[in-house]
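Asks: Here you go, my_file_16.csv (CSV, C-alpha atoms):
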chain,number,residue,atom,x,y,z
L,1,MET,CA,131.7,113.2,69.0
L,2,SER,CA,135.2,114.0,67.9
L,3,SER,CA,135.7,116.7,65.2
L,4,LYS,CA,137.9,114.4,63.1
L,5,THR,CA,136.3,112.4,60.3
L,6,SER,CA,134.6,109.2,61.3
L,7,PHE,CA,133.3,106.4,59.1
L,8,ILE,CA,130.1,105.1,60.7
L,9,GLY,CA,128.3,101.9,59.9
L,10,ALA,CA,124.6,101.5,60.3
L,11,VAL,CA,123.6,97.8,60.4
L,12,GLU,CA,120.1,96.3,60.3
L,13,ILE,CA,120.1,92.5,60.6
L,14,GLY,CA,116.6,91.9,59.3
L,15,THR,CA,114.5,88.8,58.6
L,16,SER,CA,114.6,89.2,54.8
L,17,LYS,CA,117.9,91.1,54.3
L,18,THR,CA,120.9,92.5,56.2
L,19,SER,CA,121.5,96.1,55.2
L,20,VAL,CA,124.6,98.2,55.9
L,21,LEU,CA,125.2,101.9,55.2
L,22,VAL,CA,128.4,103.8,55.6
L,23,GLY,CA,128.3,107.4,56.6
L,24,GLU,CA,131.2,109.9,56.6
L,25,TYR,CA,130.8,112.2,59.6
L,26,THR,CA,133.0,115.3,59.9
L,27,GLY,CA,131.6,116.5,63.2
L,28,ARG,CA,129.3,118.9,61.4
L,29,GLU,CA,128.0,117.0,58.3
L,30,LEU,CA,127.0,113.5,57.4
L,31,ALA,CA,127.4,112.0,53.9
L,32,ILE,CA,126.3,108.5,53.0
L,33,ILE,CA,129.2,107.1,51.0
L,34,GLY,CA,128.7,103.3,50.9
L,35,TYR,CA,126.1,100.6,50.9
L,36,GLY,CA,126.0,96.8,51.2
L,37,GLU,CA,123.2,94.3,51.3
L,38,CYS,CA,122.8,90.5,51.6
L,39,PRO,CA,119.7,88.3,51.8
L,40,SER,CA,119.4,87.1,55.5
L,41,ARG,CA,119.9,83.6,56.7
L,42,GLY,CA,119.8,82.5,60.3
L,43,VAL,CA,117.4,85.2,61.4
L,44,VAL,CA,113.8,84.6,62.4
L,45,LYS,CA,111.5,87.5,63.3
L,46,GLY,CA,114.4,89.8,63.8
L,47,THR,CA,116.3,87.5,66.1
L,48,VAL,CA,119.5,85.6,65.4
L,49,VAL,CA,118.9,81.9,65.6
L,50,ASP,CA,121.8,80.6,63.6
L,51,TYR,CA,125.0,82.5,64.5
L,52,LYS,CA,127.2,81.1,61.7
L,53,ALA,CA,124.6,81.8,58.9
L,54,ALA,CA,123.7,85.2,60.2
L,55,SER,CA,127.4,86.1,60.5
L,56,GLU,CA,128.2,85.1,57.0
L,57,CYS,CA,125.4,87.3,55.7
L,58,ALA,CA,126.3,90.3,57.9
L,59,HIS,CA,130.0,90.1,57.0
L,60,HIS,CA,129.2,89.9,53.3
L,61,ALA,CA,127.1,93.1,53.6
L,62,LEU,CA,129.8,94.8,55.7
L,63,GLU,CA,132.5,93.9,53.2
L,64,SER,CA,130.3,95.2,50.3
L,65,ALA,CA,129.6,98.4,52.1
L,66,GLU,CA,133.3,99.1,52.9
L,67,GLN,CA,134.2,98.3,49.3
L,68,SER,CA,131.5,100.7,48.1
L,69,ALA,CA,132.7,103.4,50.4
L,70,GLY,CA,136.4,102.8,49.8
L,71,GLU,CA,136.9,103.2,53.6
L,72,ARG,CA,137.1,101.0,56.7
L,73,ILE,CA,134.2,101.5,59.2
L,74,ASP,CA,135.2,102.8,62.6
L,75,PHE,CA,132.2,101.7,64.6
L,76,VAL,CA,128.6,100.6,64.2
L,77,PHE,CA,125.1,101.6,65.2
L,78,LEU,CA,123.1,98.4,65.3
L,79,ALA,CA,119.3,98.2,64.9
L,80,GLN,CA,117.4,96.1,67.4
L,81,THR,CA,114.0,94.4,67.0
L,82,GLY,CA,112.3,91.2,68.0
L,83,SER,CA,109.5,90.0,70.3
L,84,HIS,CA,112.0,89.7,73.2
L,85,LEU,CA,111.9,93.5,73.5
L,86,ASP,CA,109.5,95.0,76.0
L,87,GLY,CA,108.9,98.3,77.8
L,88,PHE,CA,107.3,99.8,80.9
L,89,TYR,CA,106.8,103.3,82.2
L,90,ASN,CA,108.3,104.5,85.4
L,91,GLU,CA,108.2,108.0,86.9
L,92,THR,CA,109.3,109.7,90.1
L,93,SER,CA,109.4,113.2,91.6
L,94,VAL,CA,111.7,115.2,93.9
L,95,ASN,CA,111.4,118.4,95.9
L,96,VAL,CA,113.4,121.3,94.4
L,97,LYS,CA,116.3,121.8,96.8
L,98,SER,CA,117.2,125.5,96.5
L,99,ALA,CA,115.7,128.1,98.9
L,100,ASP,CA,114.4,130.2,96.0
L,101,ASN,CA,112.8,127.1,94.3
L,102,MET,CA,114.8,127.5,91.2
L,103,VAL,CA,115.5,124.1,89.5
L,104,SER,CA,119.1,123.2,89.2
L,105,MET,CA,121.0,120.5,87.3
L,106,LEU,CA,121.4,118.6,90.5
L,107,ASP,CA,117.6,118.4,90.8
L,108,ILE,CA,117.3,117.3,87.2
L,109,ASP,CA,120.0,114.6,87.5
L,110,THR,CA,118.5,113.4,90.8
L,111,VAL,CA,115.0,112.9,89.4
L,112,CYS,CA,116.2,111.3,86.2
L,113,GLY,CA,118.5,108.9,88.1
L,114,LEU,CA,115.6,107.8,90.3
L,115,ALA,CA,113.2,107.4,87.4
L,116,THR,CA,115.7,105.1,85.5
L,117,ALA,CA,116.8,103.1,88.5
L,118,LYS,CA,114.1,100.5,88.2
L,119,GLU,CA,115.6,97.0,88.7
L,120,LEU,CA,115.0,94.6,85.8
L,121,PRO,CA,114.5,90.8,86.1
L,122,GLN,CA,117.6,88.6,85.8
L,123,GLY,CA,118.7,88.2,82.2
L,124,ARG,CA,117.1,91.5,81.0
L,125,MET,CA,119.0,94.6,80.0
L,126,VAL,CA,118.1,98.2,79.2
L,127,VAL,CA,118.2,99.1,75.5
L,128,HIS,CA,116.7,102.6,75.7
L,129,ASN,CA,115.6,105.0,78.4
L,130,ILE,CA,113.1,107.3,76.6
L,131,ARG,CA,112.2,110.4,78.7
L,132,ARG,CA,108.8,112.0,78.4
L,133,PRO,CA,108.6,115.7,79.1
L,134,PHE,CA,109.3,117.0,82.6
L,135,ARG,CA,106.5,118.3,84.8
L,136,LEU,CA,107.1,121.1,87.3
L,137,ASP,CA,104.3,121.6,89.8
L,138,GLY,CA,102.1,119.6,87.5
L,139,ARG,CA,102.7,121.6,84.3
L,140,VAL,CA,104.4,120.1,81.3
L,141,VAL,CA,107.9,121.5,80.5
L,142,PRO,CA,108.7,120.8,76.8
L,143,GLY,CA,112.5,121.4,77.2
L,144,SER,CA,114.9,121.5,80.2
L,145,PRO,CA,113.4,122.8,83.5
L,146,GLU,CA,116.7,124.3,84.6
L,147,HIS,CA,116.4,127.8,86.1
L,148,LEU,CA,112.6,127.5,86.1
L,149,VAL,CA,110.8,128.1,89.5
L,150,GLY,CA,108.7,125.4,91.1
L,151,ARG,CA,108.5,123.2,94.1
L,152,ARG,CA,108.0,119.7,92.7
L,153,LEU,CA,109.9,118.3,89.7
L,154,GLU,CA,108.6,115.1,88.0
L,155,ALA,CA,110.3,112.9,85.4
L,156,GLY,CA,109.0,109.7,83.7
L,157,TYR,CA,110.7,107.3,81.3
L,158,TRP,CA,109.5,104.6,78.9
L,159,ILE,CA,112.1,102.0,79.6
L,160,VAL,CA,112.8,99.5,76.8
L,161,HIS,CA,114.6,96.3,77.8
L,162,GLY,CA,115.5,93.1,76.0
L,163,GLN,CA,116.8,89.6,76.7
L,164,GLU,CA,120.5,89.9,77.4
L,165,ASN,CA,121.6,86.8,75.5
L,166,LYS,CA,119.7,87.8,72.3
L,167,LEU,CA,121.2,91.3,72.4
L,168,ALA,CA,124.6,89.7,72.9
L,169,ASP,CA,124.0,87.4,69.9
L,170,ALA,CA,123.4,90.3,67.5
L,171,ILE,CA,126.4,92.3,68.9
L,172,HIS,CA,128.6,89.2,68.6
L,173,VAL,CA,127.8,89.0,64.9
L,174,ILE,CA,129.3,92.5,64.4
L,175,ARG,CA,132.2,91.9,66.7
L,176,GLY,CA,133.1,88.9,64.6
L,177,PHE,CA,134.0,91.4,61.8
L,178,ASN,CA,136.3,93.1,64.3
L,179,LEU,CA,134.0,96.1,64.6
L,180,PRO,CA,132.9,97.8,67.8
L,181,VAL,CA,129.2,98.4,68.4
L,182,ARG,CA,128.8,102.0,69.6
L,183,GLU,CA,125.1,102.0,70.3
L,184,LEU,CA,122.1,99.7,70.1
L,185,VAL,CA,119.1,101.6,68.5
L,186,LEU,CA,115.5,100.4,68.4
L,187,SER,CA,114.4,99.8,64.8
L,188,SER,CA,111.2,101.8,65.5
L,189,LEU,CA,113.2,104.8,66.7
L,190,ALA,CA,115.5,104.7,63.8
L,191,ALA,CA,112.8,104.4,61.2
L,192,GLY,CA,110.5,106.9,63.0
L,193,HIS,CA,113.3,109.5,63.2
L,194,MET,CA,113.7,109.2,59.4
L,195,ILE,CA,110.1,109.5,58.2
L,196,THR,CA,108.7,112.1,60.7
L,197,THR,CA,109.4,115.8,61.1
L,198,GLN,CA,109.9,117.6,64.4
L,199,GLU,CA,106.6,119.4,63.8
L,200,GLU,CA,104.8,116.1,63.4
L,201,ARG,CA,106.4,114.6,66.5
L,202,GLN,CA,105.3,117.7,68.4
L,203,ALA,CA,101.7,117.4,67.2
L,204,GLY,CA,101.6,113.6,67.8
L,205,ILE,CA,102.2,110.9,65.2
L,206,LEU,CA,102.3,107.1,65.1
L,207,ALA,CA,105.1,105.6,62.9
L,208,ILE,CA,104.8,101.9,62.0
L,209,ASP,CA,107.6,100.0,60.3
L,210,ILE,CA,106.3,96.8,58.7
L,211,GLY,CA,109.2,94.5,57.9
L,212,ALA,CA,109.3,90.9,56.7
L,213,GLY,CA,109.3,89.3,60.2
L,214,THR,CA,108.4,92.1,62.6
L,215,THR,CA,106.3,95.2,62.8
L,216,ASP,CA,107.9,98.0,64.9
L,217,TYR,CA,106.0,101.1,66.0
L,218,VAL,CA,106.6,104.3,68.0
L,219,LEU,CA,104.1,106.8,69.2
L,220,TYR,CA,105.4,110.4,69.3
L,221,ARG,CA,103.9,113.1,71.5
L,222,ASP,CA,105.1,116.5,72.7
L,223,GLY,CA,108.1,116.3,70.4
L,224,GLY,CA,109.6,113.0,71.3
L,225,PRO,CA,109.0,109.2,71.5
L,226,TYR,CA,106.2,108.4,74.0
L,227,LEU,CA,105.8,104.6,73.6
L,228,THR,CA,107.3,101.9,71.5
L,229,GLY,CA,106.7,98.2,70.7
L,230,VAL,CA,107.3,95.2,68.4
L,231,LEU,CA,105.0,92.6,67.0
L,232,PRO,CA,106.4,89.3,65.7
L,233,VAL,CA,104.4,89.6,62.6
L,234,GLY,CA,105.2,91.2,59.2
L,235,GLY,CA,105.2,90.8,55.4
L,236,SER,CA,106.4,87.2,55.5
L,237,HIS,CA,103.2,86.3,57.3
L,238,ILE,CA,101.1,87.7,54.5
L,239,THR,CA,103.1,85.5,52.2
L,240,ASN,CA,102.6,82.5,54.4
L,241,ASP,CA,98.8,83.1,54.5
L,242,LEU,CA,98.7,83.1,50.7
L,243,SER,CA,100.9,80.0,50.6
L,244,LEU,CA,98.4,78.1,52.8
L,245,GLY,CA,95.2,79.6,51.3
L,246,LEU,CA,96.2,79.1,47.7
L,247,ARG,CA,98.4,76.0,48.2
L,248,LEU,CA,101.5,77.6,46.7
L,249,LEU,CA,105.2,77.4,47.4
L,250,GLU,CA,106.6,80.3,49.4
L,251,GLY,CA,108.3,81.9,46.3
L,252,GLN,CA,105.1,81.6,44.3
L,253,ALA,CA,103.1,83.2,47.1
L,254,GLU,CA,105.5,86.0,47.4
L,255,LYS,CA,105.2,86.7,43.7
L,256,ILE,CA,101.4,86.7,44.0
L,257,LYS,CA,101.6,89.1,47.0
L,258,ILE,CA,103.8,91.6,45.2
L,259,HIS,CA,101.9,91.7,42.0
L,260,HIS,CA,98.3,91.2,43.1
L,261,GLY,CA,98.0,91.7,46.9
L,262,ARG,CA,96.1,94.6,48.5
L,263,ALA,CA,95.5,95.8,52.0
L,264,ILE,CA,91.9,96.5,51.2
L,265,VAL,CA,89.7,94.5,48.7
L,266,ALA,CA,89.1,96.5,45.6
L,267,PRO,CA,85.5,97.0,44.5
L,268,GLY,CA,86.1,95.6,41.1
L,269,ALA,CA,88.0,92.5,42.2
L,270,LYS,CA,85.0,90.1,42.1
L,271,GLY,CA,85.0,87.8,39.0
L,272,ASP,CA,88.5,88.9,38.0
L,273,LYS,CA,91.2,86.3,37.7
L,274,VAL,CA,95.0,86.5,37.6
L,275,TRP,CA,97.7,84.2,36.4
L,276,LEU,CA,100.4,82.8,38.7
L,277,ASP,CA,103.2,83.3,36.1
L,278,GLY,CA,101.4,84.5,32.9
L,279,ASP,CA,103.7,82.4,30.6
L,280,PHE,CA,101.1,79.7,30.1
L,281,ARG,CA,103.6,77.0,30.8
L,282,ILE,CA,102.8,73.7,32.5
L,283,GLY,CA,101.9,74.5,36.1
L,284,ASP,CA,100.8,78.0,35.4
L,285,ARG,CA,97.3,78.6,36.7
L,286,GLN,CA,94.7,81.2,37.5
L,287,PHE,CA,93.4,82.5,40.9
L,288,PRO,CA,90.4,84.7,41.8
L,289,ARG,CA,91.7,88.2,42.4
L,290,GLN,CA,89.1,88.7,45.1
L,291,THR,CA,90.4,85.7,47.0
L,292,ILE,CA,94.0,87.0,47.0
L,293,GLU,CA,92.9,90.4,48.2
L,294,GLN,CA,90.7,88.9,50.9
L,295,ILE,CA,93.7,86.9,52.3
L,296,THR,CA,96.2,89.8,52.2
L,297,SER,CA,93.7,92.4,53.5
L,298,ALA,CA,92.8,90.2,56.5
L,299,ARG,CA,96.4,90.0,57.7
L,300,CYS,CA,97.1,93.7,57.1
L,301,TRP,CA,94.0,94.6,59.1
L,302,GLU,CA,95.0,92.3,61.9
L,303,ILE,CA,98.5,93.8,62.1
L,304,PHE,CA,97.0,97.3,62.6
L,305,GLU,CA,94.4,96.1,65.0
L,306,VAL,CA,97.0,94.4,67.2
L,307,VAL,CA,99.1,97.6,67.2
L,308,ARG,CA,96.0,99.6,68.1
L,309,LYS,CA,95.2,97.2,71.0
L,310,ARG,CA,98.8,97.3,72.2
L,311,LEU,CA,98.7,101.1,72.4
L,312,GLY,CA,95.5,101.0,74.3
L,313,THR,CA,94.4,104.3,75.9
L,314,GLN,CA,97.8,105.8,75.1
L,315,PHE,CA,96.6,106.3,71.5
L,316,SER,CA,93.8,108.8,70.8
L,317,PRO,CA,93.0,110.5,67.5
L,318,GLU,CA,92.8,113.8,69.4
L,319,LYS,CA,96.4,113.5,70.4
L,320,CYS,CA,97.7,112.2,67.1
L,321,ALA,CA,97.2,115.2,64.8
L,322,GLY,CA,100.0,113.9,62.5
L,323,GLY,CA,98.1,110.7,61.9
L,324,VAL,CA,99.9,107.5,61.0
L,325,VAL,CA,103.0,107.2,58.8
L,326,LEU,CA,104.1,103.8,57.4
L,327,THR,CA,107.4,102.4,56.2
L,328,GLY,CA,109.2,99.1,55.8
L,329,GLY,CA,109.1,96.8,52.8
L,330,ALA,CA,105.6,95.5,53.4
L,331,SER,CA,104.2,99.0,53.6
L,332,LYS,CA,104.4,99.2,49.8
L,333,LEU,CA,101.4,96.8,49.4
L,334,PRO,CA,98.6,98.8,47.7
L,335,ALA,CA,96.0,100.5,49.9
L,336,MET,CA,98.1,99.9,53.1
L,337,ALA,CA,97.8,103.5,54.2
L,338,GLU,CA,94.0,103.4,53.5
L,339,CYS,CA,93.8,100.3,55.7
L,340,ALA,CA,95.7,102.0,58.5
L,341,ALA,CA,93.5,105.1,58.3
L,342,LYS,CA,90.4,102.9,58.8
L,343,VAL,CA,91.8,101.1,61.8
L,344,PHE,CA,93.2,104.1,63.6
L,345,GLY,CA,90.6,106.6,62.6
L,346,VAL,CA,93.2,109.2,61.6
L,347,PRO,CA,94.8,110.1,58.2
L,348,ALA,CA,97.6,107.8,57.1
L,349,HIS,CA,100.3,108.0,54.5
L,350,LEU,CA,103.6,106.3,53.4
L,351,GLY,CA,106.7,107.8,54.8
L,352,GLU,CA,109.3,109.4,52.6
L,353,ALA,CA,113.0,109.8,53.1
L,354,PRO,CA,114.3,113.4,52.9
L,355,SER,CA,115.0,114.7,49.4
L,356,SER,CA,118.8,114.8,50.3
L,357,VAL,CA,118.8,111.0,50.3
L,358,SER,CA,119.9,109.4,47.0
L,359,GLN,CA,117.2,107.8,44.9
L,360,ASN,CA,118.4,104.3,45.2
L,361,LEU,CA,118.0,104.5,49.0
L,362,ARG,CA,114.6,106.1,49.1
L,363,ASP,CA,112.7,102.8,49.2
L,364,PRO,CA,110.8,102.3,52.4
L,365,GLY,CA,112.8,99.1,53.1
L,366,TYR,CA,115.9,101.3,53.8
L,367,ALA,CA,114.2,103.7,56.3
L,368,THR,CA,115.6,101.9,59.4
L,369,ALA,CA,119.2,101.8,58.1
L,370,LEU,CA,119.1,105.5,57.1
L,371,GLY,CA,117.5,106.4,60.5
L,372,LEU,CA,120.2,104.5,62.3
L,373,LEU,CA,122.9,107.0,61.1
L,374,TYR,CA,121.0,110.1,61.9
L,375,TYR,CA,119.3,109.0,65.2
L,376,GLY,CA,122.5,107.3,66.4
L,377,LEU,CA,124.6,110.5,65.9
L,378,SER,CA,122.0,112.7,67.5
L,379,SER,CA,121.9,110.3,70.5
L,380,GLN,CA,125.7,110.3,70.8
L,381,ALA,CA,125.8,114.1,70.7
L,382,GLU,CA,123.0,114.6,73.2
L,383,SER,CA,124.4,116.2,76.3
L,384,SER,CA,121.1,117.0,78.2
L,385,PRO,CA,119.4,114.6,80.7
L,386,ARG,CA,117.0,113.6,77.9
L,387,GLN,CA,118.9,110.3,77.6
L,388,PRO,CA,121.0,109.0,80.5
L,389,ARG,CA,124.3,107.7,79.4
L,390,ARG,CA,125.3,104.1,80.1
L,391,LYS,CA,128.3,103.3,82.2
L,392,ALA,CA,131.6,102.9,80.3
L,393,GLY,CA,132.1,99.4,79.0
L,394,PHE,CA,128.4,98.6,78.7
L,395,LEU,CA,128.8,96.7,75.4
L,396,GLN,CA,132.1,95.2,76.2
L,397,ARG,CA,130.8,93.6,79.5
L,398,MET,CA,128.2,91.7,77.5
L,399,PHE,CA,131.0,89.6,76.0
L,400,SER,CA,132.8,88.6,79.2
L,401,GLY,CA,131.5,85.1,78.6
L,402,PHE,CA,132.7,84.7,75.1
Reformat the file's structure so that it appears as structure tokens.

Replies:
Amino acid sequence: MSSKTSFIGAVEIGTSKTSVLVGEYTGRELAIIGYGECPSRGVVKGTVVDYKAASECAHHALESAEQSAGERIDFVFLAQTGSHLDGFYNETSVNVKSADNMVSMLDIDTVCGLATAKELPQGRMVVHNIRRPFRLDGRVVPGSPEHLVGRRLEAGYWIVHGQENKLADAIHVIRGFNLPVRELVLSSLAAGHMITTQEERQAGILAIDIGAGTTDYVLYRDGGPYLTGVLPVGGSHITNDLSLGLRLLEGQAEKIKIHHGRAIVAPGAKGDKVWLDGDFRIGDRQFPRQTIEQITSARCWEIFEVVRKRLGTQFSPEKCAGGVVLTGGASKLPAMAECAAKVFGVPAHLGEAPSSVSQNLRDPGYATALGLLYYGLSSQAESSPRQPRRKAGFLQRMFSGF
């Protein structure tokens, strides 16, 4: 990154809202100086389905953020989520070339290049190459293996890829505002980077971001991301369950969820009733609290069960000493952490933004946008083989057809 001051935009085009943060980066320090938000339209489960509607919302949020900051954004880090994202693990090994068996940068570059050279199906594009720790003669090397002595160097990557046209749709929304997209960042990595510490990532921790339309998760091990994933289910599905179960309009169901929903049925809920509005006007009515909590808790439990199933044998309580940390707007539902703890068999808690973040941005719903700035900058500044750089013009080439 250049030492001159840059004004960076972090954009999350979510199912319920589009959020934009503006950070002033001097090359040494980052300060958040602007914020903009707009209720989303044209976005379903994190994917743009109506370009015009999504663009209007995103451009309104970008304009508000620039006005708030009093500066023009230079470039953008853009969050990526959606069920079109997928991942697989690929590893390879090479013999150390030097006569004294000392690992060189050539050995490291070679093994990393081979491990990330897996060909993707047509129409798919790499979003992230996430390297797991190197192994030298079978032993784990937490950092760089350069100058260590060994015969066989191994590298493995969790390779996340997405549908090319859906990635292009999201980028095109930002380019319509005459802004370059510097980097695509998985929502799970952005949020996880914000709500976990390096110590927790080293010990092993699972970060789950429950948004309106999707649930993003990242499992950390040995100090870095180990596995990621996205479920096309989130808080809006809890609302929909209430709407169907109680025969309510979507707005009414959302109100019931916010005020009376729980991720675990409370012991004293039986026999208790709550009002829809509480103003006793025509149409106002009562519902059994236990019924509401049974509906919301069933969906919350299902979300965590599906994440646990997706992780499979990669997740074990013994290798997840940090437990589970939750964020995202839907994570604020009462007893959500308790529900996660029961499903995963480890302690769980709600994630918190660092104390340096202003109070109005400490809500879990902003974790992804905040993480975009910090994770994006650390990714840009990374000079080790931890994250192979894409070829120049990667993002620009996606628009050759427009």

Asks: Could you check the closest approach to Ala269 in chain L for each of L:His147, L:Lys257, L:Arg289, L:Lys97 and tell me which residue wins, using all atoms listed in the file?

Replies: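 When distances to Ala269 in chain L are compared using all atoms listed in the file, the smallest one comes from L:Arg289.
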
Asks: Would you mind listing what lies within 7 Å of Gly235 in chain L as a list in words, with all atoms listed in the file counted and same-chain residues fewer than 2 positions away left out?

Replies: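 Residues near the query, excluding close chain neighbours: Ile210, Gly211, Ala212, Gly213, His237, Ile238, Thr239 and Ala330 of chain L.
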
Asks: If we count only C-alpha atoms and set the cut-off at 7 Å, which residues sit around range 221-226 of chain L, ignoring sequence neighbours fewer than 6 positions away in its own chain? Please answer as a PyMOL selection string.

Replies: chain L and resi 130+132+142+198+201-205

Asks: Please identify all polymer residues within 12 Å of Gln252 in chain L, counting all atoms listed in the file, omitting same-chain residues fewer than 2 positions from it, and present them as a PDB file with C-alpha atoms, in the frame of the given file.

Replies:
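Printed below is part_23.pdb as written:
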ATOM      1  CA  THR L 239     103.100  85.500  52.200  1.00  0.00           C
ATOM      2  CA  ASN L 240     102.600  82.500  54.400  1.00  0.00           C
ATOM      3  CA  LEU L 242      98.700  83.100  50.700  1.00  0.00           C
ATOM      4  CA  SER L 243     100.900  80.000  50.600  1.00  0.00           C
ATOM      5  CA  LEU L 244      98.400  78.100  52.800  1.00  0.00           C
ATOM      6  CA  LEU L 246      96.200  79.100  47.700  1.00  0.00           C
ATOM      7  CA  ARG L 247      98.400  76.000  48.200  1.00  0.00           C
ATOM      8  CA  LEU L 248     101.500  77.600  46.700  1.00  0.00           C
ATOM      9  CA  LEU L 249     105.200  77.400  47.400  1.00  0.00           C
ATOM     10  CA  GLU L 250     106.600  80.300  49.400  1.00  0.00           C
ATOM     11  CA  GLU L 254     105.500  86.000  47.400  1.00  0.00           C
ATOM     12  CA  LYS L 255     105.200  86.700  43.700  1.00  0.00           C
ATOM     13  CA  ILE L 256     101.400  86.700  44.000  1.00  0.00           C
ATOM     14  CA  LYS L 257     101.600  89.100  47.000  1.00  0.00           C
ATOM     15  CA  ILE L 258     103.800  91.600  45.200  1.00  0.00           C
ATOM     16  CA  HIS L 259     101.900  91.700  42.000  1.00  0.00           C
ATOM     17  CA  HIS L 260      98.300  91.200  43.100  1.00  0.00           C
ATOM     18  CA  TRP L 275      97.700  84.200  36.400  1.00  0.00           C
ATOM     19  CA  LEU L 276     100.400  82.800  38.700  1.00  0.00           C
ATOM     20  CA  ASP L 277     103.200  83.300  36.100  1.00  0.00           C
ATOM     21  CA  GLY L 283     101.900  74.500  36.100  1.00  0.00           C
ATOM     22  CA  ASP L 284     100.800  78.000  35.400  1.00  0.00           C
ATOM     23  CA  ARG L 285      97.300  78.600  36.700  1.00  0.00           C
TER      24      ARG L 285
END

Asks: So, with only C-alpha atoms as the atoms that count, which of L:Gly14, L:Asp86, L:Gly143, L:Leu373 lies closest to Arg124 in chain L?

Replies: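 Residue with the minimum atom-to-atom distance to Arg124 in chain L: L:Asp86.
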
Asks: List the neighbours of range 74-80 of chain L out to 8 Å using all atoms listed in the file; skip same-chain residues closer than 5 positions along the sequence, and give me the result as a PyMOL selection string.

Replies: chain L and resi 6-13+46+167+171+179-187+190+368-369+372-373+376

Asks: Could you check how far CA of Ala321 in chain L sits from CA of Val230 in chain L, in Å to one decimal?

Replies: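 Calculated distance between CA of Ala321 in chain L and CA of Val230 in chain L is 22.7 Å.
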
Asks: Which is closer to Val48 in chain L than all the others in L:His84, L:Lys332, L:Lys319, L:Arg362, using all atoms listed in the file?

Replies: L:His84

Asks: Quick one: distance from CA of Tyr51 in chain L to CA of Ser64 in chain L in Å, one decimal?

Replies: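 Distance between the two atoms: 19.8 Å.
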
Asks: Quote the spacing between CA of Pro347 in chain L and CA of Leu311 in chain L in Å to one decimal place.

Replies: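 Answer for the CA of Pro347 in chain L to CA of Leu311 in chain L separation: 17.3 Å.
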